[in-house]
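Raw contents of structure12.cif, mmCIF, C-alpha atoms:
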data_coords
loop_
_atom_site.label_atom_id
_atom_site.label_comp_id
_atom_site.auth_asym_id
_atom_site.auth_seq_id
_atom_site.Cartn_x
_atom_site.Cartn_y
_atom_site.Cartn_z
CA MET A 1 11.64 -16.41 -35.47
CA PRO A 2 13.16 -13.44 -37.33
CA ASP A 3 16.68 -13.70 -38.63
CA THR A 4 18.78 -11.49 -36.36
CA THR A 5 22.19 -12.36 -37.69
CA HIS A 6 24.41 -9.44 -38.52
CA SER A 7 24.54 -9.00 -42.24
CA LEU A 8 25.83 -6.62 -44.83
CA PRO A 9 28.89 -4.55 -44.37
CA VAL A 10 28.01 -0.99 -43.48
CA SER A 11 29.60 0.35 -46.61
CA THR A 12 31.84 -1.04 -49.29
CA ASP A 13 34.03 2.05 -49.41
CA SER A 14 36.72 3.28 -47.07
CA ARG A 15 36.11 6.98 -47.50
CA PRO A 16 37.23 9.25 -44.70
CA ALA A 17 34.59 10.74 -42.43
CA LEU A 18 32.21 13.15 -44.12
CA ARG A 19 32.89 16.62 -42.72
CA GLY A 20 33.65 15.32 -39.25
CA GLY A 21 31.35 12.29 -39.36
CA PHE A 22 32.39 8.69 -38.80
CA CYS A 23 34.27 6.77 -41.46
CA ALA A 24 33.02 3.41 -42.69
CA LYS A 25 35.16 1.38 -40.25
CA GLU A 26 34.00 3.45 -37.27
CA LEU A 27 30.40 3.04 -38.34
CA GLU A 28 30.79 -0.69 -38.71
CA ARG A 29 32.25 -0.89 -35.21
CA LEU A 30 29.48 1.28 -33.73
CA ARG A 31 26.76 -0.65 -35.49
CA GLY A 32 28.18 -3.85 -34.05
CA ASP A 33 27.22 -2.49 -30.62
CA TYR A 34 23.51 -2.63 -31.54
CA PRO A 35 22.04 -6.13 -31.73
CA LEU A 36 18.84 -5.07 -33.47
CA LEU A 37 20.67 -3.51 -36.42
CA GLY A 38 21.37 -7.02 -37.67
CA ARG A 39 17.64 -7.77 -37.82
CA ARG A 40 16.19 -8.55 -41.25
CA GLY A 41 12.78 -7.25 -42.24
CA ARG A 42 9.84 -8.67 -44.15
CA GLY A 43 11.70 -8.40 -47.45
CA GLY A 44 14.69 -10.36 -46.21
CA GLN A 45 17.19 -7.49 -46.10
CA PRO A 46 18.71 -5.85 -43.03
CA ILE A 47 16.34 -3.16 -41.79
CA ALA A 48 17.48 0.37 -42.65
CA TYR A 49 16.29 1.95 -39.42
CA LEU A 50 15.46 5.60 -40.18
CA ASP A 51 12.98 6.14 -37.35
CA CYS A 52 15.26 7.12 -34.48
CA SER A 53 13.31 10.33 -33.81
CA ALA A 54 10.44 8.10 -32.72
CA THR A 55 12.63 5.81 -30.62
CA SER A 56 16.30 4.89 -30.65
CA GLN A 57 17.78 1.43 -30.77
CA LYS A 58 19.77 0.25 -27.74
CA PRO A 59 23.45 -0.70 -27.62
CA GLN A 60 24.25 -4.06 -26.04
CA CYS A 61 25.85 -2.37 -23.03
CA VAL A 62 22.46 -0.86 -22.11
CA VAL A 63 20.70 -4.21 -22.45
CA ASP A 64 23.43 -5.75 -20.30
CA ALA A 65 23.15 -3.04 -17.64
CA VAL A 66 19.42 -3.63 -17.24
CA ASP A 67 19.91 -7.40 -17.18
CA ASP A 68 22.72 -7.14 -14.64
CA PHE A 69 20.60 -4.99 -12.34
CA TYR A 70 17.71 -7.44 -12.39
CA THR A 71 19.92 -10.49 -11.89
CA ARG A 72 22.23 -9.04 -9.21
CA SER A 73 20.84 -6.02 -7.37
CA ASN A 74 17.07 -5.70 -7.79
CA GLY A 75 15.42 -4.16 -4.74
CA ALA A 76 13.04 -1.36 -3.78
CA VAL A 77 14.75 2.03 -3.50
CA HIS A 78 14.55 4.18 -0.35
CA ARG A 79 12.57 1.41 1.36
CA GLY A 80 14.93 -1.03 3.06
CA THR A 81 18.20 -1.61 4.87
CA HIS A 82 19.18 -4.94 3.32
CA VAL A 83 21.97 -5.22 0.78
CA LEU A 84 19.72 -5.32 -2.30
CA ALA A 85 17.79 -2.23 -1.21
CA ASP A 86 21.04 -0.41 -0.52
CA GLU A 87 22.54 -1.37 -3.88
CA SER A 88 19.35 -0.41 -5.73
CA THR A 89 19.11 2.94 -4.00
CA ASP A 90 22.75 3.67 -4.69
CA ALA A 91 22.38 2.74 -8.38
CA PHE A 92 19.18 4.79 -8.64
CA GLU A 93 20.75 7.94 -7.23
CA GLN A 94 23.97 7.44 -9.20
CA ALA A 95 21.80 7.33 -12.33
CA ARG A 96 20.19 10.61 -11.30
CA HIS A 97 23.66 12.10 -10.94
CA ARG A 98 24.57 10.77 -14.40
CA VAL A 99 21.59 12.44 -16.04
CA ALA A 100 22.31 15.66 -14.16
CA THR A 101 25.94 15.62 -15.29
CA PHE A 102 24.95 14.94 -18.91
CA ILE A 103 22.73 18.04 -19.07
CA GLY A 104 24.79 20.32 -16.80
CA ALA A 105 22.37 20.29 -13.87
CA GLU A 106 22.62 19.53 -10.17
CA ASP A 107 21.31 16.26 -8.78
CA ASP A 108 18.37 17.80 -6.91
CA GLU A 109 17.25 19.55 -10.11
CA VAL A 110 16.48 16.24 -11.86
CA VAL A 111 13.05 14.67 -11.33
CA TRP A 112 12.40 11.15 -12.61
CA THR A 113 9.35 10.80 -14.84
CA LYS A 114 8.07 8.01 -17.04
CA ASN A 115 8.67 10.14 -20.17
CA ALA A 116 8.95 13.73 -21.35
CA THR A 117 5.17 13.98 -21.71
CA GLU A 118 4.72 13.28 -18.03
CA GLY A 119 7.41 15.87 -17.27
CA LEU A 120 5.51 18.58 -19.15
CA ASN A 121 2.27 17.57 -17.44
CA ILE A 122 3.95 17.73 -14.03
CA VAL A 123 5.08 21.30 -14.69
CA ALA A 124 1.68 22.38 -16.02
CA TYR A 125 -0.37 20.77 -13.26
CA ALA A 126 2.00 21.93 -10.54
CA PHE A 127 1.31 25.49 -11.74
CA LEU A 128 -2.41 24.68 -11.71
CA ASN A 129 -2.24 23.35 -8.15
CA ALA A 130 -0.30 26.42 -7.05
CA SER A 131 -2.86 28.72 -8.66
CA LEU A 132 -6.23 27.26 -7.67
CA ASP A 133 -8.04 29.21 -4.97
CA GLY A 134 -8.02 27.43 -1.66
CA HIS A 135 -5.08 25.17 -2.49
CA ASP A 136 -2.30 26.42 -0.26
CA MET A 137 -0.32 23.17 -0.33
CA LEU A 138 3.07 24.68 0.44
CA GLY A 139 2.14 27.86 2.27
CA ARG A 140 2.63 29.88 -0.90
CA SER A 141 1.89 33.60 -1.14
CA ASP A 142 -0.41 35.02 -3.80
CA ASP A 143 2.46 36.96 -5.37
CA SER A 144 4.49 33.81 -5.98
CA GLU A 145 5.92 33.50 -9.49
CA VAL A 146 4.32 30.08 -9.80
CA VAL A 147 0.79 31.42 -9.29
CA LEU A 148 -1.19 32.11 -12.48
CA ARG A 149 -4.07 34.58 -12.43
CA PRO A 150 -6.86 35.68 -14.80
CA GLY A 151 -5.32 38.14 -17.26
CA ASP A 152 -2.06 36.20 -17.48
CA ASN A 153 -1.11 34.34 -20.64
CA ILE A 154 0.97 31.31 -21.60
CA VAL A 155 2.87 31.24 -24.91
CA ILE A 156 3.63 28.12 -26.93
CA SER A 157 4.58 27.64 -30.58
CA ARG A 158 2.83 26.06 -33.55
CA ALA A 159 5.79 23.68 -33.91
CA GLU A 160 5.03 21.84 -30.68
CA HIS A 161 4.47 18.15 -30.09
CA HIS A 162 1.00 17.61 -28.63
CA ALA A 163 2.66 16.94 -25.27
CA ASN A 164 3.64 20.63 -25.15
CA ILE A 165 0.21 21.83 -26.26
CA ILE A 166 -2.50 19.80 -24.55
CA PRO A 167 -1.40 20.30 -20.89
CA TRP A 168 -1.23 24.07 -21.38
CA GLN A 169 -4.64 24.11 -23.08
CA MET A 170 -6.07 22.18 -20.16
CA ILE A 171 -4.77 24.44 -17.41
CA ALA A 172 -5.44 27.64 -19.39
CA SER A 173 -9.08 26.59 -19.61
CA ARG A 174 -9.25 25.79 -15.89
CA LEU A 175 -7.64 29.07 -14.87
CA HIS A 176 -9.32 31.26 -17.53
CA ILE A 177 -6.05 32.53 -18.91
CA GLU A 178 -5.08 33.09 -22.53
CA LEU A 179 -2.97 30.67 -24.57
CA ARG A 180 -0.96 32.43 -27.29
CA VAL A 181 1.04 31.07 -30.22
CA ILE A 182 4.42 31.83 -31.80
CA GLU A 183 3.84 31.28 -35.51
CA LEU A 184 5.98 29.69 -38.23
CA THR A 185 7.76 30.94 -41.33
CA ASP A 186 7.11 29.38 -44.72
CA GLN A 187 9.98 26.94 -44.05
CA GLY A 188 8.53 25.88 -40.71
CA LEU A 189 10.97 27.85 -38.54
CA LEU A 190 9.73 29.67 -35.46
CA ASP A 191 8.95 33.16 -36.70
CA VAL A 192 10.74 35.64 -34.45
CA ASP A 193 8.61 38.40 -35.98
CA THR A 194 5.63 36.99 -34.08
CA LEU A 195 7.29 37.16 -30.65
CA ASP A 196 5.14 40.16 -29.82
CA VAL A 197 2.67 37.61 -28.40
CA ILE A 198 5.02 37.65 -25.40
CA ASP A 199 4.13 40.68 -23.30
CA GLU A 200 4.06 41.88 -19.71
CA HIS A 201 1.22 39.46 -18.93
CA THR A 202 3.11 36.38 -20.14
CA ARG A 203 4.03 34.04 -17.31
CA ILE A 204 5.27 30.93 -19.16
CA VAL A 205 6.87 30.44 -22.58
CA ALA A 206 6.99 26.75 -23.54
CA PHE A 207 8.58 25.64 -26.78
CA THR A 208 10.58 22.90 -28.43
CA HIS A 209 14.36 23.03 -28.72
CA VAL A 210 14.13 21.07 -31.99
CA SER A 211 10.97 20.31 -33.96
CA ASN A 212 10.17 16.62 -34.27
CA VAL A 213 8.67 17.31 -37.72
CA THR A 214 10.88 19.88 -39.44
CA GLY A 215 14.10 19.12 -37.55
CA ALA A 216 14.61 22.87 -37.17
CA ILE A 217 16.57 24.12 -34.15
CA SER A 218 14.69 26.89 -32.38
CA PRO A 219 16.32 30.28 -31.71
CA VAL A 220 16.42 29.65 -27.98
CA ASP A 221 18.49 32.73 -27.12
CA ILE A 222 16.12 35.12 -28.89
CA ILE A 223 12.95 33.62 -27.42
CA ARG A 224 14.44 33.31 -23.94
CA GLU A 225 15.55 36.97 -23.99
CA LYS A 226 12.06 38.07 -24.97
CA ALA A 227 10.60 35.91 -22.19
CA ARG A 228 13.03 37.32 -19.63
CA GLN A 229 12.13 40.88 -20.61
CA ALA A 230 8.52 40.00 -19.84
CA GLY A 231 9.42 38.26 -16.57
CA ALA A 232 8.23 34.90 -17.93
CA LEU A 233 9.54 31.44 -17.19
CA VAL A 234 10.92 29.23 -20.00
CA VAL A 235 9.96 25.57 -20.45
CA LEU A 236 12.02 23.71 -23.05
CA ASP A 237 11.20 20.39 -24.73
CA THR A 238 14.58 18.81 -25.51
CA CYS A 239 13.33 15.39 -26.69
CA GLN A 240 14.68 15.86 -30.21
CA SER A 241 17.89 17.64 -29.21
CA SER A 242 19.22 15.82 -26.15
CA ALA A 243 20.22 12.71 -28.13
CA HIS A 244 21.73 14.60 -31.05
CA LEU A 245 23.33 17.80 -29.72
CA PRO A 246 25.43 18.67 -26.70
CA ILE A 247 22.99 19.93 -24.04
CA ASP A 248 23.72 22.25 -21.12
CA VAL A 249 20.66 23.57 -19.31
CA LYS A 250 22.66 26.30 -17.60
CA THR A 251 23.86 27.64 -20.96
CA LEU A 252 20.36 27.32 -22.39
CA ASP A 253 19.18 29.11 -19.22
CA CYS A 254 15.77 27.47 -19.29
CA ASP A 255 13.73 27.19 -16.10
CA PHE A 256 12.43 23.72 -16.92
CA ALA A 257 13.38 21.09 -19.52
CA VAL A 258 12.17 17.60 -20.35
CA MET A 259 13.74 14.61 -22.09
CA SER A 260 13.12 10.88 -22.66
CA SER A 261 15.53 7.99 -22.20
CA HIS A 262 14.20 5.94 -25.11
CA LYS A 263 15.26 8.59 -27.62
CA MET A 264 18.80 8.59 -26.18
CA GLY A 265 19.72 4.93 -26.50
CA GLY A 266 18.22 4.10 -23.12
CA PRO A 267 15.24 2.01 -22.00
CA THR A 268 11.61 2.94 -22.46
CA GLY A 269 9.47 3.96 -19.51
CA ILE A 270 11.70 6.65 -18.00
CA GLY A 271 12.36 10.32 -18.62
CA ALA A 272 13.46 13.34 -16.66
CA LEU A 273 12.23 16.78 -15.77
CA TYR A 274 14.88 19.40 -15.09
CA GLY A 275 13.85 22.39 -13.00
CA LYS A 276 15.77 25.18 -11.32
CA LYS A 277 15.84 24.25 -7.67
CA ASP A 278 14.14 27.41 -6.36
CA LEU A 279 11.24 26.87 -8.76
CA LEU A 280 10.91 23.17 -7.93
CA ARG A 281 10.76 24.13 -4.25
CA ALA A 282 8.03 26.68 -4.97
CA LEU A 283 5.82 24.20 -6.84
CA PRO A 284 3.41 21.83 -5.08
CA PRO A 285 3.26 18.13 -5.93
CA VAL A 286 1.02 16.71 -8.62
CA LEU A 287 0.96 13.01 -7.76
CA GLY A 288 0.43 11.82 -4.20
CA GLY A 289 1.55 8.57 -2.60
CA GLY A 290 4.53 6.87 -1.10
CA ASP A 291 8.02 8.37 -0.80
CA MET A 292 7.02 11.93 -1.69
CA ILE A 293 5.73 12.67 1.82
CA ALA A 294 7.46 14.04 4.91
CA ASP A 295 4.56 13.30 7.26
CA VAL A 296 0.99 12.06 6.96
CA ASP A 297 -2.02 12.11 9.25
CA MET A 298 -5.69 11.64 8.49
CA LYS A 299 -6.37 15.34 7.89
CA GLN A 300 -3.32 16.63 6.08
CA SER A 301 0.19 15.79 4.93
CA SER A 302 3.52 17.50 4.39
CA TYR A 303 5.87 16.82 1.52
CA GLN A 304 9.50 16.07 0.84
CA LEU A 305 11.79 18.56 -0.82
CA PRO A 306 12.33 18.21 -4.57
CA PRO A 307 13.02 16.11 -6.48
CA VAL A 308 11.38 13.41 -4.34
CA ARG A 309 8.26 15.58 -3.91
CA PHE A 310 7.40 14.86 -7.55
CA GLU A 311 8.26 11.13 -7.50
CA ALA A 312 5.32 9.37 -5.90
CA GLY A 313 5.27 5.58 -5.94
CA SER A 314 7.64 2.84 -7.03
CA GLN A 315 10.36 3.97 -9.38
CA PRO A 316 11.73 2.57 -12.69
CA VAL A 317 15.08 1.65 -11.16
CA ALA A 318 16.35 -0.72 -13.85
CA GLN A 319 15.40 1.80 -16.51
CA ALA A 320 17.34 4.52 -14.68
CA VAL A 321 20.38 2.24 -14.55
CA GLY A 322 20.07 1.51 -18.26
CA TRP A 323 19.71 5.18 -19.12
CA ALA A 324 22.82 6.05 -17.17
CA ARG A 325 24.74 3.44 -19.14
CA ALA A 326 23.38 4.85 -22.40
CA LEU A 327 24.66 8.30 -21.43
CA ASP A 328 28.07 6.82 -20.67
CA TYR A 329 28.01 5.31 -24.16
CA LEU A 330 27.10 8.62 -25.81
CA ASP A 331 29.77 10.49 -23.88
CA ASP A 332 32.38 7.85 -24.74
CA ILE A 333 31.71 8.55 -28.43
CA GLY A 334 31.40 12.30 -27.88
CA MET A 335 28.29 14.37 -28.49
CA GLU A 336 30.23 16.74 -30.75
CA ARG A 337 31.25 13.83 -32.99
CA ILE A 338 27.70 12.49 -33.01
CA GLU A 339 26.43 15.93 -34.01
CA ALA A 340 29.01 16.13 -36.81
CA HIS A 341 28.14 12.69 -38.16
CA GLU A 342 24.42 13.39 -38.10
CA HIS A 343 25.00 16.71 -39.85
CA ALA A 344 26.73 14.80 -42.65
CA MET A 345 23.74 12.43 -42.83
CA THR A 346 21.42 15.46 -42.93
CA GLU A 347 23.25 16.76 -45.99
CA LEU A 348 22.98 13.38 -47.70
CA LEU A 349 19.28 13.06 -46.85
CA LEU A 350 18.49 16.54 -48.14
CA GLU A 351 20.51 16.02 -51.30
CA GLY A 352 18.86 12.66 -51.96
CA LEU A 353 15.29 13.65 -51.18
CA CYS A 354 15.46 16.94 -53.06
CA SER A 355 16.69 15.07 -56.15
CA ILE A 356 13.43 13.11 -56.39
CA ARG A 357 10.68 14.53 -58.55
CA GLY A 358 7.53 15.17 -56.55
CA VAL A 359 9.16 15.33 -53.11
CA ARG A 360 8.23 18.31 -50.94
CA ILE A 361 10.30 18.83 -47.79
CA ILE A 362 8.35 19.99 -44.72
CA GLY A 363 10.93 22.25 -43.13
CA PRO A 364 14.23 23.91 -43.97
CA LYS A 365 16.21 22.64 -46.94
CA ASP A 366 19.55 23.76 -45.49
CA ALA A 367 21.47 21.29 -43.32
CA ASP A 368 22.64 24.06 -41.01
CA GLY A 369 20.37 24.90 -38.09
CA ARG A 370 18.58 21.58 -38.09
CA ILE A 371 18.99 17.92 -37.15
CA ALA A 372 18.63 14.80 -39.30
CA ALA A 373 14.86 14.47 -38.97
CA LEU A 374 13.29 15.17 -42.38
CA SER A 375 9.55 15.07 -43.03
CA PHE A 376 8.34 15.10 -46.59
CA LEU A 377 5.41 14.64 -48.97
CA LEU A 378 5.55 12.63 -52.18
CA ASP A 379 3.19 13.61 -54.99
CA ASP A 380 -0.35 12.78 -53.84
CA ILE A 381 0.63 9.45 -52.29
CA HIS A 382 -0.57 9.04 -48.72
CA PRO A 383 2.28 8.75 -46.19
CA HIS A 384 0.86 5.49 -44.83
CA ASP A 385 1.12 3.99 -48.30
CA ILE A 386 4.68 5.27 -48.61
CA GLY A 387 5.60 3.70 -45.29
CA GLN A 388 4.09 0.35 -46.23
CA VAL A 389 5.88 0.13 -49.55
CA LEU A 390 9.18 1.17 -47.96
CA ASP A 391 8.67 -1.51 -45.33
CA ALA A 392 8.42 -4.07 -48.12
CA TYR A 393 11.97 -3.02 -49.01
CA ASP A 394 13.00 -3.20 -45.31
CA ILE A 395 13.25 0.57 -44.83
CA ALA A 396 11.74 1.82 -41.55
CA VAL A 397 10.40 5.38 -41.46
CA ARG A 398 7.70 7.20 -39.48
CA VAL A 399 4.37 8.13 -41.05
CA GLY A 400 1.43 10.18 -39.75
CA HIS A 401 1.12 13.55 -38.06
CA HIS A 402 3.96 12.80 -35.61
CA CYS A 403 1.81 14.15 -32.72
CA ALA A 404 2.08 17.63 -34.28
CA LEU A 405 -1.21 18.32 -36.04
CA PRO A 406 -1.12 22.14 -35.77
CA LEU A 407 2.21 22.19 -37.64
CA HIS A 408 0.91 19.89 -40.35
CA LYS A 409 -2.25 21.95 -40.73
CA PHE A 410 -0.04 25.01 -41.22
CA PHE A 411 1.35 23.28 -44.32
CA GLY A 412 -2.13 22.26 -45.46
CA VAL A 413 -1.72 18.53 -44.77
CA ARG A 414 -2.59 16.08 -42.01
CA ALA A 415 0.32 13.68 -42.35
CA SER A 416 3.84 13.30 -43.69
CA THR A 417 6.62 10.72 -43.96
CA ARG A 418 9.64 11.25 -41.73
CA ALA A 419 13.13 9.79 -42.10
CA SER A 420 15.51 10.41 -39.22
CA ALA A 421 19.18 9.55 -38.86
CA THR A 422 21.29 8.81 -35.84
CA LEU A 423 24.89 8.02 -34.94
CA THR A 424 24.72 4.59 -36.61
CA THR A 425 23.12 5.74 -39.87
CA THR A 426 25.18 5.02 -42.96
CA PRO A 427 25.36 6.61 -46.41
CA HIS A 428 24.23 3.24 -47.78
CA GLU A 429 21.01 3.45 -45.75
CA VAL A 430 20.34 6.93 -47.13
CA GLU A 431 20.88 5.54 -50.64
CA ARG A 432 18.42 2.73 -49.90
CA LEU A 433 15.85 5.30 -48.77
CA VAL A 434 16.21 7.39 -51.92
CA ASP A 435 16.01 4.29 -54.11
CA GLY A 436 13.02 3.07 -52.10
CA ILE A 437 11.11 6.32 -52.57
CA GLU A 438 11.67 6.12 -56.31
CA LYS A 439 10.28 2.57 -56.19
CA VAL A 440 7.24 3.90 -54.33
CA GLN A 441 6.66 6.37 -57.14
CA HIS A 442 6.96 3.68 -59.79
CA PHE A 443 4.62 1.40 -57.88
CA PHE A 444 1.83 3.97 -57.75
CA GLU A 445 2.41 5.21 -61.29
CA ARG A 446 1.70 1.69 -62.55
CA ARG A 447 -1.57 1.40 -60.66
#
Can I see the file as structure tokens?
Amino acid sequence: MPDTTHSLPVSTDSRPALRGGFCAKELERLRGDYPLLGRRGRGGQPIAYLDCSATSQKPQCVVDAVDDFYTRSNGAVHRGTHVLADESTDAFEQARHRVATFIGAEDDEVVWTKNATEGLNIVAYAFLNASLDGHDMLGRSDDSEVVLRPGDNIVISRAEHHANIIPWQMIASRLHIELRVIELTDQGLLDVDTLDVIDEHTRIVAFTHVSNVTGAISPVDIIREKARQAGALVVLDTCQSSAHLPIDVKTLDCDFAVMSSHKMGGPTGIGALYGKKDLLRALPPVLGGGDMIADVDMKQSSYQLPPVRFEAGSQPVAQAVGWARALDYLDDIGMERIEAHEHAMTELLLEGLCSIRGVRIIGPKDADGRIAALSFLLDDIHPHDIGQVLDAYDIAVRVGHHCALPLHKFFGVRASTRASATLTTTPHEVERLVDGIEKVQHFFERR
């Protein structure tokens, strides 16, 4: 069995918080909330977990919330009148309200999904179902804003995760409409000079709030304004922003947004799709089955109003309860404070990585306008080799194309190494990373 005892102090200094970040004592207290942060790796040291952009670790209160649900209240939601069913349904809908409150939405604008990828697919395939000839599932009219026609186009960006590329490629091919691309600057920022791809025939503009490779924050206001001028709808991927920045979908004024619990300190297996209620009502369902129906006979069926219309089948109730507790935890700390701390870690990461000979940052080298997710190249050493050597020193990073091959190809590579910080990241962990990368260099220089 691995040694999971809490080890090392977070830092040996007692410096005040770095530009609004947490001081050493606060960090030590926060890290004590996370059981896995005491885990030792293959090399015998505590794991420096710098892979939170892939998935976050879970505070004990989240683990306890899931355990408490299963041991005290587990029942099927919306499907019974006994006490366990009532408690489960109440917890399930309270969790929906918690997610809605966290992002500034209304309860009936939050659809449960298994992850953000499913949320994007639901939006794309709901548009497909609304647009296919002969599929009049909701009594729509042909001039509906959710009907796509030949001659229309959909705009995405080169910075997208595959989850915000593949579904649009699939439906564009089925509907014979054009898929257009917002390009990147040399630093990997969305190039606002290429927004002329949005025109009067654009119906949907789908893009990431924050790149999972470069960490760059997209100019949402500029892109949204261009989309609105064209009469297009805006779909926003907030997977890399919702855990690190204060999020308000009304301020962002997007029409749809997606997010995943597991990147926000919550359980795996659950995410959410936000949609403006008039648009959700205009879209037909994608998945069919139990709970999403109003009436069924052997020839045809009618469907519930959103959000239930898009929630066929048994639901991840315990995961919803855990996610709600994770959001309580984040709000108790304060998203503004989390953002400030992670900004301080971004500065340290940039300073440390840029000091190493042979490191090439994929993305902006300024801490402003980005989050603490830094992808980089190191000489001609393959990222998988970098990750393996770092793992020998108990430093966990992400390697590969990060499900963003078009962005990597833009930089002339197929893979990179990514280090990402979160609210529990310490200056000492950043120091370990920098020292570890230098050890990687020395290791391969000797070969």
Run the PyMOL selection byres ((chain A and resi 317) around 9) mentally over the shown coordinates, then write out the matched residues as a ChimeraX atom specification, using the chain letters and numbers from the document. /A:69,74-77,88-89,91-92,95,314-316,318-322
With 12 Å as the cut-off and only C-alpha atoms counted, what is the closest atom pair between each nearby residue of region 291-333 of chain A and region 27-42 of chain A? Distances in Å to one decimal, ordered by chain and number, as CSV.
residue,atom,partner,partner_atom,distance
A:Ala326,CA,A:Asp33,CA,11.7
A:Tyr329,CA,A:Asp33,CA,10.2
A:Leu330,CA,A:Leu30,CA,11.1
A:Asp332,CA,A:Leu30,CA,11.5
A:Ile333,CA,A:Leu30,CA,9.3
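Of the listed residues A:Pro167, A:Gly412, A:Gly151, A:Gly352, the one whose atoms come nearest to Gly436 (chain A) is A:Gly352, with distances taken using all atoms listed in the file.
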Closest atom pairs, residues of region 328-387 of chain A within 12 Å of region 198-209 of chain A, all atoms listed in the file, as CSV:
residue,atom,partner,partner_atom,distance
A:Gly369,CA,A:His209,CA,11.3
A:Arg370,CA,A:His209,CA,10.4
A:Ile371,CA,A:His209,CA,10.9
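For the choices A:Thr113, A:Gln57, A:Ser144, A:Gln304, the atom-to-atom distance to Thr422 (chain A) is smallest for A:Gln57 when using all atoms listed in the file.
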What does the distance from CA of Ala100 (chain A) to CA of Tyr274 (chain A) come to in Å, to one decimal? 8.4 Å
If you apply the PyMOL selection byres ((chain A and resi 54) around 10) to this file, what residues do you get, as a PyMOL selection string? chain A and resi 50-53+55-56+212+239-240+262-263+373+397-398+402+418-420
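Here CA of Glu225 (chain A) and CA of Ile247 (chain A) stand 18.6 Å from one another.
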Translate the PyMOL selection byres ((chain A and resi 99) around 12), as applied to the file shown, into an explicit residue set as a ChimeraX atom specification. /A:92-98,100-112,242,247-249,258-261,264,266,270-274,320-328,330-331
At a cut-off of 9 Å, using only C-alpha atoms, what residues contact Leu120 (chain A)? Leave out same-chain residues fewer than 5 positions from it and give the result as number ranges by chain. A: 125, 163-164, 167-168, 235, 237, 256-258, 273
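Our summary of the geometry notes that CA of Pro284 (chain A) is positioned 10.8 Å from CA of Val147 (chain A).
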What's the 9 Å shell around His343 (chain A), counting only C-alpha atoms, without same-chain residues fewer than 3 positions away, as a PyMOL selection string? chain A and resi 19-21+338-340+346-348+367-368+370-372
Neighbouring residues of Leu374 (chain A) were defined as those with any atom within 8 Å, considering all atoms listed in the file; residues of the same chain fewer than 4 positions away were excluded. Please report them as a PyMOL selection string. chain A and resi 213-215+349-350+361-363+418-420
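Nearest-residue note for Ser211 (chain A): choosing from A:Gly188, A:Pro46, A:Gly119, A:Gly275, the minimum distance belongs to A:Gly188, counting all atoms listed in the file.
Each of A:Phe22, A:Ile47, A:Ala124, A:Ile381 was checked against Ala344 (chain A) using only C-alpha atoms; the smallest atom-to-atom distance is that of A:Phe22.
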Give me the residues within 9 Å of Glu183 (chain A) as an NGL selection string, counting all atoms listed in the file and dropping any in the same chain fewer than 2 places off. :A and (157-159 or 181 or 185 or 188-195)
Go ahead and dump the residues you just picked, C-alpha atoms, as a PDB file, keeping the file's coordinate frame.
ATOM      1  CA  SER A 157       4.580  27.640 -30.580  1.00  0.00           C
ATOM      2  CA  ARG A 158       2.830  26.060 -33.550  1.00  0.00           C
ATOM      3  CA  ALA A 159       5.790  23.680 -33.910  1.00  0.00           C
ATOM      4  CA  VAL A 181       1.040  31.070 -30.220  1.00  0.00           C
ATOM      5  CA  THR A 185       7.760  30.940 -41.330  1.00  0.00           C
ATOM      6  CA  GLY A 188       8.530  25.880 -40.710  1.00  0.00           C
ATOM      7  CA  LEU A 189      10.970  27.850 -38.540  1.00  0.00           C
ATOM      8  CA  LEU A 190       9.730  29.670 -35.460  1.00  0.00           C
ATOM      9  CA  ASP A 191       8.950  33.160 -36.700  1.00  0.00           C
ATOM     10  CA  VAL A 192      10.740  35.640 -34.450  1.00  0.00           C
ATOM     11  CA  ASP A 193       8.610  38.400 -35.980  1.00  0.00           C
ATOM     12  CA  THR A 194       5.630  36.990 -34.080  1.00  0.00           C
ATOM     13  CA  LEU A 195       7.290  37.160 -30.650  1.00  0.00           C
TER      14      LEU A 195
END
Which protein, DNA or RNA residues have an atom at most 10 Å from (2.0, 25.7, -8.2), counting all atoms listed in the file? List them as a PyMOL selection string. chain A and resi 123-132+135-138+140+144-148+279-286
Could you give me the axis-aligned bounding box of region 154-168 of chain A, with 4 Å of padding per side, as centre plus edge lengths in Å to one decimal, as lines of an AutoDock Vina configuration file?
center_x = 1.6
center_y = 24.1
center_z = -27.4
size_x = 16.3
size_y = 22.4
size_z = 21.0
Write out as a count of residues only the residues lying within 12 Å of region 294-296 of chain A, counting all atoms listed in the file and excluding same-chain residues fewer than 6 positions away. 9
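Counting only C-alpha atoms, the residue from A:Lys277, A:Arg357, A:His408, A:Lys365 that sits nearest to Glu438 (chain A) is A:Arg357.
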